[in-house]
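Q: The structure is given below, and queries will be raised subsequently.
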Amino acid sequence: MERNEAIGRLQPLIGKDLVPLAADYGVTIWKDGKKNKGWAGHVVERHLGLPINSSRAPNFGSWELKVVPLKYLTSGKLTVKETMAITMIDPVEVKHKEFEDSHLFTKLRKMLVIARVFESQEDVHSVLHAISEFDLDNPDIRRQVKADYDLVRKVICVEGFSELSGKMGVLVQPRTKGPGHGSTSRAFYARAPFVKKMLGIV
DNA sequence: CTATGATCATCC
DNA sequence: GGATGATCATAG
């Protein structure tokens, strides 16, 4: 499916509550009092007819789909609530590949970012707020992302994979991610200001 | 177990 | 409120 087609399919969902859709598509939100944090992403993927799997390649072949939560500030303004997980860091791959050949670049160069409104942790309602296309075509942004990638590379080579921390990086940070319980894997995350740029709410 | 989808918990 | 590290459901 092309990105434009996906946009066309998602357009009608803008302003709609995603919670009832989760039930329609059989997506679990709560189980034994614990939350399936990826439910919103699964709902959108199912809506587009994508089988749920864990392939590391961009889910649609040439572009990447992401759902990100938005929240209202006390001032009443809408902003990005969280950083966005992009992809796992494979130390071997990062060490041997240039930024232009990395998974990070492949995913960032062409993506579709869906913004949903976060109301509360209970997710009683969650309205799809906007759909935004993003390509890594801004020279300044691209240069900074590459710099962050190179920093990660350097740390892995010089200090070791385990020294990577979320404190590093300007637009993209290396941060722990995984099933939890002692997992030490890390992933690239887009910091909030970067996500705002993607959504065009700078 | 670790990849995917991400958000939660806690510290400052 | 923002940042950082930890964690949840599901699939292979």
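Ordered as shown in the structure tokens, chains take letters A, B, and onward, while each chain numbers its residues from 1 and ligands are numbered from 1 in the order shown.
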Which residues are close to segment 14-25 of chain A, i.e. within 9 Å by only C-alpha atoms (C1' of nucleotides), leaving aside same-chain residues fewer than 3 positions away? Reply as a PyMOL selection string.

A: chain A and resi 10-11+28-29+39-40+42-44+46-47+116+123-131

Q: Any chance you could tabulate, as CSV, the residues of chain A at most 12 Å from chain B with each one's nearest atom pair and distance in Å to one decimal, using only C-alpha atoms (C1' of nucleotides), in chain and rising number order?

A:
residue,atom,partner,partner_atom,distance
A:Val27,CA,B:DG5,C1',11.4
A:Ile29,CA,B:DT7,C1',11.9
A:Lys34,CA,B:DC8,C1',10.4
A:Lys35,CA,B:DT7,C1',8.7
A:Asn36,CA,B:DA6,C1',8.6
A:Lys37,CA,B:DT7,C1',5.2
A:Gly38,CA,B:DG5,C1',4.4
A:Trp39,CA,B:DG5,C1',7.2
A:Ala40,CA,B:DG5,C1',8.2
A:Gly41,CA,B:DG5,C1',5.7
A:His42,CA,B:DG5,C1',6.3
A:Val43,CA,B:DG5,C1',9.8
A:Val44,CA,B:DG5,C1',10.3
A:Glu45,CA,B:DG5,C1',9.3
A:Arg46,CA,B:DG5,C1',11.6
A:Pro51,CA,B:DT4,C1',11.3
A:Ile52,CA,B:DT4,C1',8.0
A:Asn53,CA,B:DT4,C1',6.1
A:Ser54,CA,B:DT4,C1',3.7
A:Ser55,CA,B:DT4,C1',6.5
A:Arg56,CA,B:DA3,C1',6.8
A:Ala57,CA,B:DT4,C1',10.0
A:Pro58,CA,B:DT4,C1',10.6
A:Asn59,CA,B:DT4,C1',9.5
A:Leu65,CA,B:DG5,C1',10.2
A:Lys66,CA,B:DG5,C1',8.8
A:Val67,CA,B:DA6,C1',8.2
A:Val68,CA,B:DA6,C1',8.3
A:Pro69,CA,B:DT7,C1',9.0
A:Leu70,CA,B:DT7,C1',12.0
A:Lys81,CA,B:DT7,C1',9.8
A:Glu82,CA,B:DT7,C1',8.0
A:Thr83,CA,B:DT7,C1',9.7
A:Met84,CA,B:DA6,C1',7.8
A:Ala85,CA,B:DA6,C1',7.0
A:Ile86,CA,B:DA6,C1',9.8
A:Thr87,CA,B:DT4,C1',9.2
A:Met88,CA,B:DA3,C1',8.4
A:Ile89,CA,B:DA3,C1',11.4
A:Asp90,CA,B:DA3,C1',11.5
A:Phe118,CA,B:DT7,C1',10.7
A:Ser120,CA,B:DT7,C1',11.5
A:Gln121,CA,B:DC8,C1',8.8
A:Glu122,CA,B:DT7,C1',11.7
A:Asp123,CA,B:DT7,C1',11.4
A:Lys177,CA,B:DA6,C1',10.0
A:Gly178,CA,B:DT2,C1',7.6
A:Pro179,CA,B:DT2,C1',7.9
A:Gly180,CA,B:DT2,C1',10.7
A:His181,CA,B:DC1,C1',11.7
A:Gly182,CA,B:DC1,C1',11.8
A:Ser183,CA,B:DT2,C1',9.1
A:Thr184,CA,B:DT2,C1',10.7
A:Ser185,CA,B:DT2,C1',8.8
A:Arg186,CA,B:DT2,C1',11.4
A:Ala187,CA,B:DA3,C1',11.4
A:Tyr189,CA,B:DA6,C1',11.0

Q: What is the distance between atom CA of Ser132 of chain A and atom CA of Lys110 of chain A, in Å to one decimal?

A: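 The value is 11.0 Å.
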
Q: Go through A:Ile156, A:Gly33, A:Gly61, A:Val145 and flag the residue nearest DA9 of chain C, using only C-alpha atoms (C1' of nucleotides) for the distances.

A: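 Smallest separation from DA9 of chain C among the options: A:Gly33.
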
Q: Would you list which chain C residues are within 8 Å of chain A using only C-alpha atoms (C1' of nucleotides), as a list in words?

A: DT4, DG5, DA6, DT7, DC8, DA9, DA11 and DG12 of chain C

Q: DSSP says strand (DSSP E or B) for which residues of segment 25-201 of chain A? Put them as an MDAnalysis selection string?

A: chainID A and resid 30:31 34:35 64:72 78:80 84:88 111:117 127:134 172:176 186:190

Q: In Å, rounded to a single decimal, give me how far atom CA of Leu199 of chain A is from atom CA of Glu98 of chain A.

A: 26.8 Å
